[in-house]
Structure formats: structure tokens, C-alpha cells
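my_file.txt follows; it contains compact mmCIF, C-alpha atoms.
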# COMPACT_ATOMS: atom_id res chain seq x y z
CA MET B 846 6.09 14.07 -9.21
CA THR B 847 5.30 14.78 -5.59
CA MET B 848 7.72 16.51 -3.25
CA GLY B 849 7.93 13.44 -1.04
CA ALA B 850 8.85 11.24 -3.96
CA ILE B 851 11.62 13.58 -5.05
CA PHE B 852 13.00 13.77 -1.52
CA SER B 853 12.86 9.98 -1.22
CA LEU B 854 14.59 9.48 -4.57
CA ALA B 855 17.35 11.87 -3.58
CA LEU B 856 17.84 10.04 -0.31
CA VAL B 857 17.92 6.61 -1.95
CA PHE B 858 20.31 7.86 -4.60
CA CYS B 859 22.65 9.18 -1.95
CA ALA B 860 22.20 6.34 0.49
CA ARG B 861 25.38 4.60 -0.53
CA CYS B 862 27.40 7.76 -0.86
CA GLY B 863 27.51 8.90 2.74
CA VAL B 864 30.56 7.84 4.68
CA ALA B 865 32.35 9.24 7.69
CA GLN B 866 31.38 12.86 8.25
CA ASP B 867 29.46 13.45 5.07
CA THR B 868 26.26 11.63 5.78
CA PRO B 869 23.29 13.39 4.18
CA LEU B 870 21.45 15.61 6.62
CA ILE B 871 17.96 16.82 7.15
CA SER B 872 17.55 20.20 8.73
CA GLY B 873 14.91 22.87 8.84
CA GLY B 874 12.38 24.53 11.05
CA VAL B 875 8.92 23.92 12.41
CA ALA B 876 6.94 26.98 13.40
CA PHE B 877 3.59 28.18 14.56
CA LEU B 878 3.05 31.85 13.72
CA THR B 879 0.29 34.31 14.41
CA SER B 880 -0.21 37.73 12.91
CA THR B 881 -2.81 40.33 13.87
CA ASN B 882 -3.23 43.04 11.27
CA GLY B 883 -5.97 45.60 11.68
CA GLY B 884 -7.73 43.40 14.23
CA ASN B 885 -7.73 40.25 12.09
CA THR B 886 -5.62 37.40 13.37
CA THR B 887 -4.12 34.82 11.05
CA TYR B 888 -2.64 31.53 12.26
CA GLN B 889 0.01 29.69 10.32
CA PRO B 890 1.61 26.36 11.22
CA LEU B 891 4.46 25.53 8.86
CA ILE B 892 7.41 23.28 8.31
CA GLU B 893 10.47 24.03 6.18
CA PRO B 894 12.57 20.90 5.70
CA LEU B 895 15.99 21.10 4.12
CA LEU B 896 17.97 18.23 2.64
CA ALA B 897 21.71 18.36 1.96
CA ALA B 898 23.25 15.25 0.45
CA PRO B 899 26.88 15.13 -0.66
CA ILE B 900 27.84 12.76 -3.44
CA GLY B 901 31.52 12.09 -3.73
CA LYS B 902 34.02 14.83 -2.97
CA HIS B 903 32.72 17.59 -5.19
CA LEU B 904 28.96 17.33 -5.49
CA LEU B 905 26.20 18.40 -3.14
CA ILE B 906 22.47 18.05 -3.72
CA GLU B 907 20.41 20.40 -1.63
CA SER B 908 16.78 21.34 -1.43
CA ARG B 909 14.36 23.20 0.78
CA ALA B 910 10.59 23.01 0.77
CA THR B 911 7.75 24.76 2.55
CA ILE B 912 4.55 23.17 3.74
CA LEU B 913 2.11 25.48 5.47
CA GLU B 914 -1.51 25.95 6.36
CA THR B 915 -2.96 29.42 6.79
CA PHE B 916 -6.09 30.04 8.85
CA SER B 917 -7.59 33.44 8.09
CA PRO B 918 -10.80 35.04 9.35
CA ASP B 919 -13.69 35.46 6.93
CA SER B 920 -17.41 36.25 7.21
CA ASN B 921 -18.21 32.70 8.34
CA GLY B 922 -15.45 32.41 10.91
CA TYR B 923 -12.16 31.02 9.67
CA ASP B 924 -11.11 29.73 6.30
CA HIS B 925 -7.87 27.94 5.61
CA THR B 926 -5.56 27.57 2.66
CA HIS B 927 -2.81 25.06 2.06
CA PHE B 928 0.54 25.43 0.37
CA ALA B 929 3.30 22.94 -0.31
CA GLY B 930 6.17 23.61 -2.65
CA PHE B 931 9.86 23.53 -3.24
CA THR B 932 11.78 26.66 -2.39
CA TYR B 933 14.75 25.38 -4.34
CA LEU B 934 16.31 22.14 -5.55
CA GLN B 935 19.86 22.43 -6.79
CA GLY B 936 23.06 20.57 -7.41
CA ASP B 937 26.37 22.18 -6.43
CA TYR B 938 29.56 21.04 -8.09
CA ILE B 939 32.77 22.37 -6.58
CA VAL B 940 34.94 22.81 -9.66
CA SER B 941 37.96 24.48 -8.08
CA PRO B 942 38.85 26.48 -4.97
CA HIS B 943 37.27 29.57 -6.54
CA PHE B 944 34.42 28.18 -8.63
CA THR B 945 31.30 26.31 -7.71
CA LEU B 946 28.84 25.47 -10.44
CA VAL B 947 25.20 25.39 -9.39
CA GLY B 948 22.48 23.87 -11.54
CA GLY B 949 18.76 23.44 -11.05
CA SER B 950 16.29 25.61 -9.21
CA PHE B 951 18.23 28.01 -6.99
CA LEU B 952 17.47 30.98 -4.77
CA LEU B 953 18.27 34.22 -6.56
CA PRO B 954 21.36 35.80 -4.98
CA PHE B 955 20.00 39.32 -4.99
CA ASN B 956 20.95 41.24 -1.85
CA THR B 957 20.98 39.10 1.29
CA TYR B 958 17.49 38.39 2.54
CA ASN B 959 16.46 35.74 0.04
CA GLU B 960 19.47 33.49 0.45
CA ARG B 961 20.48 34.09 4.02
CA LEU B 962 17.60 35.27 6.16
CA SER B 963 14.48 33.79 4.62
CA PRO B 964 14.61 30.38 6.39
CA VAL B 965 12.08 30.43 9.20
CA TRP B 966 14.70 29.27 11.73
CA ILE B 967 17.03 32.19 10.91
CA GLY B 968 14.92 35.31 10.49
CA ASN B 969 14.50 37.50 13.55
CA PHE B 970 11.11 38.75 12.40
CA GLN B 971 8.55 36.31 11.10
CA ASP B 972 7.78 38.41 8.04
CA GLY B 973 10.30 39.61 5.52
CA PRO B 974 11.08 43.21 4.71
CA LEU B 975 8.71 45.14 2.47
CA ILE B 976 11.28 45.35 -0.32
CA ALA B 977 12.06 41.63 -0.23
CA SER B 978 10.31 41.08 -3.55
CA LEU B 979 12.39 43.68 -5.43
CA GLY B 980 14.87 41.94 -7.66
CA LEU B 981 13.47 38.48 -6.93
CA LEU B 982 11.35 38.35 -10.10
CA SER B 983 8.15 37.05 -8.49
CA SER B 984 9.25 33.55 -7.55
CA GLY B 985 12.53 34.30 -5.75
CA SER B 986 14.24 31.49 -7.59
CA GLY B 987 15.82 30.87 -10.95
CA LEU B 988 15.96 27.74 -13.07
CA GLY B 989 19.26 27.40 -14.82
CA GLY B 990 22.86 27.77 -13.81
CA MET B 991 24.95 29.82 -11.45
CA LEU B 992 28.66 30.28 -10.96
CA ARG B 993 29.70 31.36 -7.49
CA GLY B 994 32.49 31.18 -5.00
CA SER B 995 35.20 32.97 -3.15
CA ALA B 996 37.17 35.17 -5.54
CA VAL B 997 39.74 36.26 -2.97
CA SER B 998 40.14 35.24 0.63
CA ARG B 999 42.80 36.93 2.74
CA ARG B 1000 43.05 37.41 6.46
CA LYS B 1001 42.14 41.10 6.14
CA TYR B 1002 39.52 40.90 3.44
CA SER B 1003 37.59 38.56 1.22
CA ILE B 1004 35.51 38.97 -1.91
CA ASP B 1005 32.82 36.57 -3.02
CA TYR B 1006 30.64 36.55 -6.07
CA ALA B 1007 27.64 34.87 -7.67
CA THR B 1008 26.46 35.20 -11.24
CA TRP B 1009 23.57 33.35 -12.81
CA PHE B 1010 21.27 32.86 -15.75
CA SER B 1011 17.73 31.58 -15.52
CA ALA B 1012 15.42 30.22 -18.20
CA ARG B 1013 11.70 30.84 -18.28
CA SER B 1014 9.67 28.20 -16.49
CA ASP B 1015 5.94 28.00 -15.88
CA ASN B 1016 6.24 24.79 -13.90
CA GLU B 1017 4.16 25.01 -10.75
CA GLN B 1018 6.99 23.86 -8.49
CA PHE B 1019 9.88 25.56 -10.25
CA ASN B 1020 8.46 28.79 -11.57
CA ALA B 1021 11.10 31.16 -12.90
CA LYS B 1022 11.56 34.16 -15.16
CA ARG B 1023 14.07 34.37 -17.97
CA SER B 1024 16.71 36.56 -16.41
CA PHE B 1025 20.30 37.00 -15.41
CA GLY B 1026 22.15 38.76 -12.65
CA GLY B 1027 24.91 38.71 -10.10
CA ARG B 1028 26.16 39.83 -6.73
CA ALA B 1029 29.56 40.71 -5.34
CA SER B 1030 30.43 41.24 -1.70
CA LEU B 1031 33.45 42.54 0.14
CA TYR B 1032 33.97 41.37 3.71
CA LEU B 1033 36.41 42.95 6.16
CA PRO B 1034 36.93 40.54 9.08
CA GLY B 1035 38.79 43.12 11.17
CA SER B 1036 35.86 45.46 11.37
CA ARG B 1037 33.27 42.75 10.73
CA LEU B 1038 31.87 44.82 7.92
CA GLU B 1039 30.29 43.47 4.75
CA LEU B 1040 29.38 45.51 1.71
CA GLY B 1041 27.76 44.15 -1.39
CA LEU B 1042 26.18 45.10 -4.68
CA SER B 1043 23.56 43.18 -6.64
CA TYR B 1044 22.09 43.49 -10.09
CA ASP B 1045 19.63 41.50 -12.14
CA ARG B 1046 17.57 41.93 -15.25
CA GLN B 1047 14.33 40.33 -16.29
CA LEU B 1048 14.52 39.29 -19.93
CA GLN B 1049 10.92 38.35 -20.61
CA ASP B 1050 7.74 40.42 -20.83
CA THR B 1051 8.67 43.88 -19.56
CA GLN B 1052 12.44 43.92 -19.45
CA GLU B 1053 13.45 45.51 -16.19
CA ASN B 1054 16.64 46.16 -14.24
CA PHE B 1055 16.98 45.83 -10.48
CA TYR B 1056 19.81 47.19 -8.39
CA GLY B 1057 20.64 46.31 -4.82
CA ALA B 1058 23.15 47.13 -2.12
CA HIS B 1059 23.64 45.70 1.34
CA LEU B 1060 25.68 46.56 4.38
CA TRP B 1061 26.09 44.32 7.40
CA TRP B 1062 28.06 45.17 10.49
CA GLU B 1063 28.68 42.98 13.50
CA PRO B 1064 31.13 44.71 15.86
CA LYS B 1065 33.74 42.31 17.16
CA ASP B 1066 33.20 40.81 20.61
CA THR B 1067 29.65 42.01 20.84
CA ALA B 1068 26.36 40.28 20.18
CA PHE B 1069 25.12 43.29 18.27
CA ARG B 1070 24.24 42.97 14.59
CA LEU B 1071 23.26 45.62 12.12
CA ARG B 1072 21.94 44.57 8.73
CA SER B 1073 20.61 46.73 5.96
CA GLU B 1074 19.59 46.59 2.35
CA PHE B 1075 18.60 48.97 -0.39
CA ALA B 1076 16.87 47.89 -3.59
CA ARG B 1077 15.70 49.83 -6.60
CA GLY B 1078 13.51 48.71 -9.46
CA ARG B 1079 11.96 50.48 -12.38
CA HIS B 1080 8.76 51.26 -10.52
CA ALA B 1081 9.71 51.34 -6.85
CA GLN B 1082 12.56 51.39 -4.40
CA GLY B 1083 13.13 51.07 -0.70
CA TYR B 1084 15.38 50.07 2.16
CA TRP B 1085 15.40 48.35 5.52
CA ILE B 1086 17.73 48.53 8.49
CA GLU B 1087 17.60 45.93 11.23
CA ALA B 1088 19.46 45.83 14.52
CA ASP B 1089 19.49 43.10 17.14
CA TYR B 1090 21.36 42.68 20.36
CA ARG B 1091 21.88 40.16 23.16
CA THR B 1092 23.57 41.06 26.38
CA GLN B 1093 26.07 39.03 28.35
CA ALA B 1094 26.20 41.48 31.20
CA PHE B 1095 23.98 39.37 33.45
CA GLY B 1096 25.52 35.92 33.34
CA GLY B 1097 26.20 35.34 29.67
CA LEU B 1098 24.19 34.74 26.56
CA ASN B 1099 22.75 31.56 28.01
CA SER B 1100 21.49 33.20 31.18
CA TRP B 1101 17.76 33.76 31.28
CA ILE B 1102 18.24 37.44 30.55
CA GLY B 1103 20.96 36.86 27.96
CA ARG B 1104 18.50 34.83 25.94
CA PHE B 1105 16.38 37.91 25.30
CA GLU B 1106 17.03 39.50 21.93
CA PRO B 1107 15.54 42.95 21.38
CA LEU B 1108 15.14 43.95 17.75
CA PHE B 1109 14.39 47.00 15.74
CA ARG B 1110 13.76 47.33 12.03
CA MET B 1111 13.06 50.49 10.09
CA GLN B 1112 11.90 50.31 6.51
CA GLN B 1113 10.53 52.56 3.82
CA THR B 1114 9.26 51.98 0.31
CA PHE B 1115 8.83 54.60 -2.39
CA ARG B 1116 6.83 54.24 -5.57
CA ARG B 1117 8.43 55.74 -8.63
CA ASP B 1118 5.29 55.35 -10.72
CA ASN B 1119 1.89 53.68 -10.51
CA VAL B 1120 2.82 50.53 -12.41
CA ALA B 1121 2.59 47.85 -9.76
CA SER B 1122 4.63 44.93 -11.00
CA ASP B 1123 7.04 44.33 -8.19
CA GLY B 1124 5.02 43.34 -5.13
CA LEU B 1125 5.67 46.55 -3.23
CA PRO B 1126 2.81 48.55 -1.69
CA LEU B 1127 0.93 50.82 -4.07
CA THR B 1128 1.63 53.85 -1.91
CA ASN B 1129 4.73 55.02 -0.11
CA VAL B 1130 5.10 53.23 3.21
CA GLN B 1131 7.06 53.88 6.37
CA ARG B 1132 7.18 51.10 8.89
CA ALA B 1133 8.90 50.57 12.23
CA ASP B 1134 9.12 47.07 13.73
CA PHE B 1135 9.91 46.55 17.39
CA GLY B 1136 10.65 42.97 18.33
CA LEU B 1137 11.63 40.89 21.29
CA ASP B 1138 12.77 37.34 20.66
CA TYR B 1139 13.64 34.78 23.28
CA ASN B 1140 16.19 32.07 22.53
CA LEU B 1141 15.10 28.99 24.44
CA PRO B 1142 17.40 25.99 24.87
CA HIS B 1143 17.21 23.14 22.35
CA ASN B 1144 17.20 25.34 19.24
CA THR B 1145 13.85 26.91 19.96
CA ARG B 1146 12.98 30.57 19.61
CA ILE B 1147 9.99 32.66 20.53
CA LEU B 1148 9.43 35.58 18.17
CA THR B 1149 7.31 38.58 19.08
CA SER B 1150 7.00 41.92 17.38
CA TYR B 1151 4.87 44.99 17.02
CA ALA B 1152 4.93 47.13 13.90
CA ARG B 1153 3.37 50.46 13.09
CA GLN B 1154 2.94 51.07 9.40
CA PHE B 1155 2.24 54.50 7.98
CA SER B 1156 0.93 55.13 4.48
CA SER B 1157 -1.60 57.26 2.69
CA ALA B 1158 -3.76 54.14 2.37
CA GLY B 1159 -4.10 54.06 6.15
CA ASP B 1160 -2.00 53.46 9.22
CA THR B 1161 -2.04 49.99 10.72
CA ASN B 1162 -0.74 48.09 13.72
CA ILE B 1163 0.69 44.63 13.16
CA TRP B 1164 1.25 42.27 16.07
CA GLU B 1165 3.11 39.04 15.47
CA THR B 1166 4.05 36.13 17.67
CA GLY B 1167 5.52 32.76 16.88
CA ILE B 1168 7.53 29.83 18.12
CA VAL B 1169 10.16 28.18 15.94
CA TYR B 1170 12.07 24.96 16.47
CA ARG B 1171 15.13 24.17 14.40
CA PHE B 1172 16.08 20.57 13.75
CA LEU B 1173 19.30 19.13 12.34
CA PHE B 1174 20.13 15.44 12.16
CA PRO B 1175 21.71 12.86 9.87
CA THR B 1176 19.45 10.84 7.60
CA TRP B 1177 20.91 7.68 9.09
CA LYS B 1178 23.65 6.58 11.41
CA GLY B 1179 26.62 6.67 9.05
CA ARG B 1180 29.82 4.74 9.35
CA MET B 1181 32.70 6.59 10.97
CA LYS B 1182 36.15 6.31 9.47
CA MET R 1136 12.23 66.89 14.08
CA ASN R 1137 15.17 68.68 12.58
CA LYS R 1138 16.99 66.23 10.32
CA LYS R 1139 20.38 67.10 11.82
CA TYR R 1140 19.20 66.32 15.35
CA PHE R 1141 17.59 63.09 14.15
CA LEU R 1142 20.80 62.03 12.43
CA ALA R 1143 22.86 62.93 15.49
CA ILE R 1144 20.62 60.81 17.71
CA ILE R 1145 20.89 57.80 15.39
CA LEU R 1146 24.67 58.11 15.11
CA GLY R 1147 24.99 58.63 18.85
CA ALA R 1148 22.94 55.52 19.56
CA LEU R 1149 25.07 53.46 17.20
CA ALA R 1150 28.26 54.77 18.74
CA LEU R 1151 27.26 53.76 22.28
CA PRO R 1152 29.92 51.47 23.71
CA LEU R 1153 28.56 47.98 23.78
CA PRO R 1154 29.60 45.71 26.62
CA GLU R 1155 32.12 43.17 25.51
CA VAL R 1156 30.79 39.73 25.19
CA ARG R 1157 32.26 36.56 23.99
CA SER R 1158 31.08 35.10 20.77
CA GLN R 1159 27.79 33.30 20.56
CA LYS R 1160 29.70 30.23 19.58
CA THR R 1161 31.57 29.95 22.81
CA GLU R 1162 28.39 30.68 24.67
CA GLN R 1163 26.46 27.75 23.36
CA ALA R 1164 26.25 24.98 25.89
CA PRO R 1165 28.20 22.00 24.56
CA THR R 1166 26.35 18.74 24.33
CA ASN R 1167 28.26 16.21 26.35
CA SER R 1168 27.20 13.15 24.50
CA THR R 1169 29.24 10.41 22.96
CA ASP R 1170 27.51 10.51 19.62
CA LYS R 1171 26.92 14.21 19.37
CA ARG R 1172 29.48 16.94 19.25
CA SER R 1173 28.80 20.56 19.73
CA PRO R 1174 30.45 22.90 17.26
CA ILE R 1175 31.59 24.75 20.33
CA SER R 1176 34.11 22.64 22.11
CA ASN R 1177 35.99 24.20 25.01
CA LYS R 1178 39.10 22.09 24.51
CA PRO R 1179 41.98 24.09 23.09
CA GLN R 1180 43.00 22.61 19.77
CA PRO R 1181 45.73 23.59 17.32
CA HIS R 1182 43.27 24.84 14.76
CA GLU R 1183 40.71 26.18 17.19
CA ASP R 1184 41.69 29.83 16.95
CA GLU R 1185 41.49 29.92 13.18
CA GLY R 1186 38.42 27.71 13.07
CA GLN R 1187 36.70 29.74 15.75
CA ARG R 1188 37.51 32.97 13.94
CA LEU R 1189 36.09 31.57 10.74
CA PHE R 1190 33.03 30.26 12.49
CA GLU R 1191 32.35 33.65 14.02
CA THR R 1192 32.95 35.61 10.86
CA HIS R 1193 31.17 33.35 8.39
CA CYS R 1194 28.56 31.27 10.21
CA SER R 1195 27.42 33.42 13.14
CA ARG R 1196 27.00 36.36 10.82
CA CYS R 1197 23.67 34.91 9.70
CA HIS R 1198 22.51 32.48 12.36
CA THR R 1199 23.02 31.21 15.86
CA ALA R 1200 25.02 28.02 16.07
CA PRO R 1201 22.94 24.90 16.54
CA GLU R 1202 23.42 23.50 20.03
CA GLY R 1203 24.98 20.35 18.74
CA PHE R 1204 24.95 17.91 15.88
CA SER R 1205 26.20 14.48 15.02
CA PRO R 1206 29.84 14.30 13.85
CA ASN R 1207 28.50 12.16 11.01
CA ILE R 1208 27.20 15.28 9.29
CA SER R 1209 29.96 17.78 10.07
CA ALA R 1210 31.45 17.58 6.56
CA THR R 1211 28.00 17.91 5.02
CA VAL R 1212 27.30 21.00 7.12
CA VAL R 1213 30.60 22.55 6.10
CA ARG R 1214 30.16 21.77 2.41
CA HIS R 1215 26.67 23.24 2.49
CA MET R 1216 28.08 26.36 4.15
CA ARG R 1217 30.91 26.51 1.64
CA VAL R 1218 28.39 26.91 -1.16
CA ARG R 1219 25.88 29.05 0.69
CA ALA R 1220 28.42 31.40 2.29
CA SER R 1221 30.94 31.23 -0.57
CA LEU R 1222 33.72 30.00 1.68
CA SER R 1223 37.18 29.43 0.32
CA GLN R 1224 38.66 25.94 0.26
CA HIS R 1225 40.99 26.90 3.10
CA ASP R 1226 38.07 28.12 5.20
CA GLU R 1227 36.21 24.90 4.54
CA GLN R 1228 39.14 22.80 5.70
CA GLU R 1229 39.73 24.89 8.82
CA LEU R 1230 36.07 24.72 9.79
CA LEU R 1231 36.05 20.98 9.30
CA ARG R 1232 39.08 20.66 11.54
CA PHE R 1233 37.39 22.90 14.07
CA PHE R 1234 34.28 20.72 14.15
CA ASN R 1235 36.38 17.54 14.33
CA PRO R 1236 39.53 18.35 16.30
Any chance you could give the structure as C-alpha cells?
Amino acid sequence: MTMGAIFSLALVFCARCGVAQDTPLISGGVAFLTSTNGGNTTYQPLIEPLLAAPIGKHLLIESRATILETFSPDSNGYDHTHFAGFTYLQGDYIVSPHFTLVGGSFLLPFNTYNERLSPVWIGNFQDGPLIASLGLLSSGSGLGGMLRGSAVSRRKYSIDYATWFSARSDNEQFNAKRSFGGRASLYLPGSRLELGLSYDRQLQDTQENFYGAHLWWEPKDTAFRLRSEFARGRHAQGYWIEADYRTQAFGGLNSWIGRFEPLFRMQQTFRRDNVASDGLPLTNVQRADFGLDYNLPHNTRILTSYARQFSSAGDTNIWETGIVYRFLFPTWKGRMK
Amino acid sequence: MNKKYFLAIILGALALPLPEVRSQKTEQAPTNSTDKRSPISNKPQPHEDEGQRLFETHCSRCHTAPEGFSPNISATVVRHMRVRASLSQHDEQELLRFFNP
């Protein structure tokens, strides 16, 4: 079944369910990205639509897809490749204040990047961290069930969790490995500090454990954010630290200068052996990314960055630019109560 | 470079006092339209403090607030965020009140 047909069916199914403030929505991002690596420039227009459709008081159907075209240089000029696929398609059933049952194809909740920062309209850099594939078991999504929610929520702290099991699937759209895992996070609102631990295990082919940890810090009353992750697999490990900042010193965040967002990301990967099964570089890599984003009005961002990557396979410069527009609207004009 | 000096520079840079700014949420320009409501209303409301605090701590942690969206989808947005950000039921209700004072 095509992606469009599935989206249409979901919309039709939910068409009579939306009332008042819970009309199904379509959100997502449209982007045009360029990347110059070692003198070769690649162009990539893409769209990432997201559908969220509530049904009744407890159920939510949500899905995200990616449609992109990549234009890469070759000996005859430029060649292009096409990709269209679901990122996830899941149903969320809110069982109780502390439990939400998720079924379908879902993003693996390992560390933070996959679930929170991978949408093109959220990420500060257009490419993900080098260790992003660690713990994501090739496809980044599972096909099965997940239990998640807020375990404890107090004014001074909160703890959330997610635990899941995935079956093996060779379906082109919903590829997944037989696996299980979980994540738990502690958030301290007073200091705006979040700490979390992740674990998952691949249960097919070579059985392998992955461990992750993340730390986010967003000092109160500042527009400074520090995010970091560490991940370790059987064959490789690594970390990334990213900082971004916007100033209000010259007329606020919406002044022309307040819309600038300087970024810095440091990352390293380390191979533990020569078995390359996790998507990380074959040699140890150190990389520093320097970025400067500009937040235009109307949910539009310009992303620019320069990265210098060091490894025994050769040092490279990577220049990236892009423009991203985020959209968010109801699927139709719903009735207001 | 000596590791101690390198560490000291990193820690020093992180400890630099950052100028106080208001939250991104309050900085977003509200959309003054009859059929669209910004999640960042300037009108003081009974639940605004709690809702604003929750918005800043849970939503702005990952992304900038959209400049505005239809009130028809506010509950859908909040339910989506409840699952994605593992919000508690109380947080969900406060955010909904914040979006629809």
C-alpha cells in the first residue's frame, strides 16, 4: 500500500472523530539542504510530513514520513536518487495517568536524538551526530509495542520511562530488528537539568547490547542550551556535546540580531574492534562543528555550519547550508464547542 | 595542550554569566488573528504561570514554539506532546488550559 493511501485512510477514518480542539493536524518540515564534503556538493530537497489524529479521548494515531531527492556529483555530472518512506506509524493509547501503550512502528527511544531532535524542523545541524546509529539497530524504529509515560511528576523533579519490544520485520517500509530496550530520565525543573540512561539489546543475528546516557541542561532565564549524549556498543562508542545560544541583549530574541543562533558541537567516536556493524566510522574520528543558524519569521530557519573532521583515514572539511520551513495546520476547519 | 588547562578553559566558558533573557515562548510574536491563537498569549490568566512554566520546561527544551496555530488543534498538539515528551496528566491539562485560557 502506498504512503499516500495510508495517510488518506487514516484521515478518512478520523474525519468524524475530530471535534473542538482535537482536530487532526498535519505538521512537518520542508527543506532544501546542501552539503559540500571534500569538494563535492550534494543537494537535497526534502519534505517530512507528520500526521497526528486523535480518536476519542484516549487514542492518538501518529505518523511521520520522509520524501527526499538527493543530487550527487558523479563522473557524468550529477546523478540523483529518490527516497520515500515512513519514519514511524504508531497508535498511542493513554491507559492511565502513568501508562501509555504504543503499538505499531515506533521510533526507538534510545538516548534523545532519534525521538526528539531528528525531525528536520527541530535539529540545529542538518546532519545527525556520528553516534546517532548506535543503539538504533539499523532502522531506528521498532515494530511491536512500547509502554511509556510519566512515572513521577513533582514540582521539583520528574521521572519518565519508556520500555519496548520489537519483532523482526523485513518489510520495506517498516523494517525492524527483534529487540527490546528501555530508557529512563530524571528531570529537575529547578536547575533545568535532565539526566537519562538507555539500554537496548538486539535479539537476532549477532546479539548485542547498547548502552546510552544523556545530559541536557538549559539554564533558567537564558536562551542557552547544552545537550550531550554518550553511547556504547559492542564494537564502538562515542559522544557528542552541542551548545546553542540566542541573545536578547540587543532588542530581544525577535530582533534581527536575536534571531542569530550560534552553535557548537564536539563529537568523537572510538572503535573497540574492527567489526563494523553499527554504522560508525571504521577509524576513530574527532569532529568539531561550528554553526550559525538564523531564525526567520514564519517558522523558517536558515542553517549553516562548517565542520572539520579528523581521522586516520584523512581529514575533511564539511560545509553545510539549508533552509527549513515548518508547517502546522488542522486537516480541516473543525467545529468549536 | 595540557589537559588541566583545557578542562579549565571549558569549565570557565560554561560558567560565564549569561545575560538574562525571557523565555523563547514569551518572545514569540503572537498572531493577532481571530482564527489563530499563538501559544504565547500576553494576557495574564489564572493558569498562565503554571502553563508557561510547563511549556518552557517540557516543550521549549527540544524546539522553538511555532508562531501560532489554530485553536482547533490545541488538544491534538498537547496529546501528541504528552506521548512524545511523557507528560503527566496534570501537565497535559495545564498546557491545554494555557493554550486555551
- Message: To one decimal place in Å, what is the distance between atom CA of Cys1197 of chain R and atom CA of Pro974 of chain B?
- Response: 15.9 Å
- Message: From the options B:Ile1004, B:Leu1108, B:Leu1141, B:Leu1173, which residue's atoms come nearest to Val1212 of chain R, counting all atoms listed in the file?
- Response: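 Looking only at the distances to Val1212 of chain R, the closest residue turns out to be B:Leu1173.
With distances restricted to only C-alpha atoms, R:Ala1210 is the closest residue to chain B from R:Ser1195, R:Phe1190, R:Gly1203, R:Ala1210.
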Pull the closest atom pair for each residue of chain B that gets at most 6 Å from chain R, along with the distance in Å to one decimal, counting all atoms listed in the file, ordering rows by chain and then ascending residue number, as JSON lines.
{"residue": "B:Ala865", "atom": "CA", "partner": "R:Asn1207", "partner_atom": "CA", "distance": 5.9}
{"residue": "B:Gln866", "atom": "CA", "partner": "R:Asn1207", "partner_atom": "CA", "distance": 4.0}
{"residue": "B:Asp867", "atom": "CA", "partner": "R:Thr1211", "partner_atom": "CA", "distance": 4.7}
{"residue": "B:Thr868", "atom": "CA", "partner": "R:Ile1208", "partner_atom": "CA", "distance": 5.2}
{"residue": "B:Pro942", "atom": "CA", "partner": "R:Gln1224", "partner_atom": "CA", "distance": 5.3}
{"residue": "B:Ile967", "atom": "CA", "partner": "R:His1198", "partner_atom": "CA", "distance": 5.7}
{"residue": "B:Gly994", "atom": "CA", "partner": "R:Ser1221", "partner_atom": "CA", "distance": 4.7}
{"residue": "B:Ser995", "atom": "CA", "partner": "R:Ser1221", "partner_atom": "CA", "distance": 5.3}
{"residue": "B:Asp1066", "atom": "CA", "partner": "R:Val1156", "partner_atom": "CA", "distance": 5.3}
{"residue": "B:Thr1067", "atom": "CA", "partner": "R:Val1156", "partner_atom": "CA", "distance": 5.0}
{"residue": "B:Gln1093", "atom": "CA", "partner": "R:Val1156", "partner_atom": "CA", "distance": 5.7}
- Within 8 Å of file point (15.5, 42.7, -12.6), counting only C-alpha atoms, expressed as a VMD selection string: chain B and resid 979 to 982 1024 to 1026 1044 to 1047 1052 to 1056 1078
Report, as JSON, the axis-aligned box around all atoms of segment 1210-1228 of chain R present in the file, extended by 4 Å on each side; give centre and edge lengths in Å to one decimal place.
{"center_x": 33.4, "center_y": 24.5, "center_z": 3.0, "size_x": 23.1, "size_y": 21.8, "size_z": 16.3}
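A straight line drawn from atom CA of Arg1037 of chain B to atom CA of Thr957 of chain B is 15.9 Å long.
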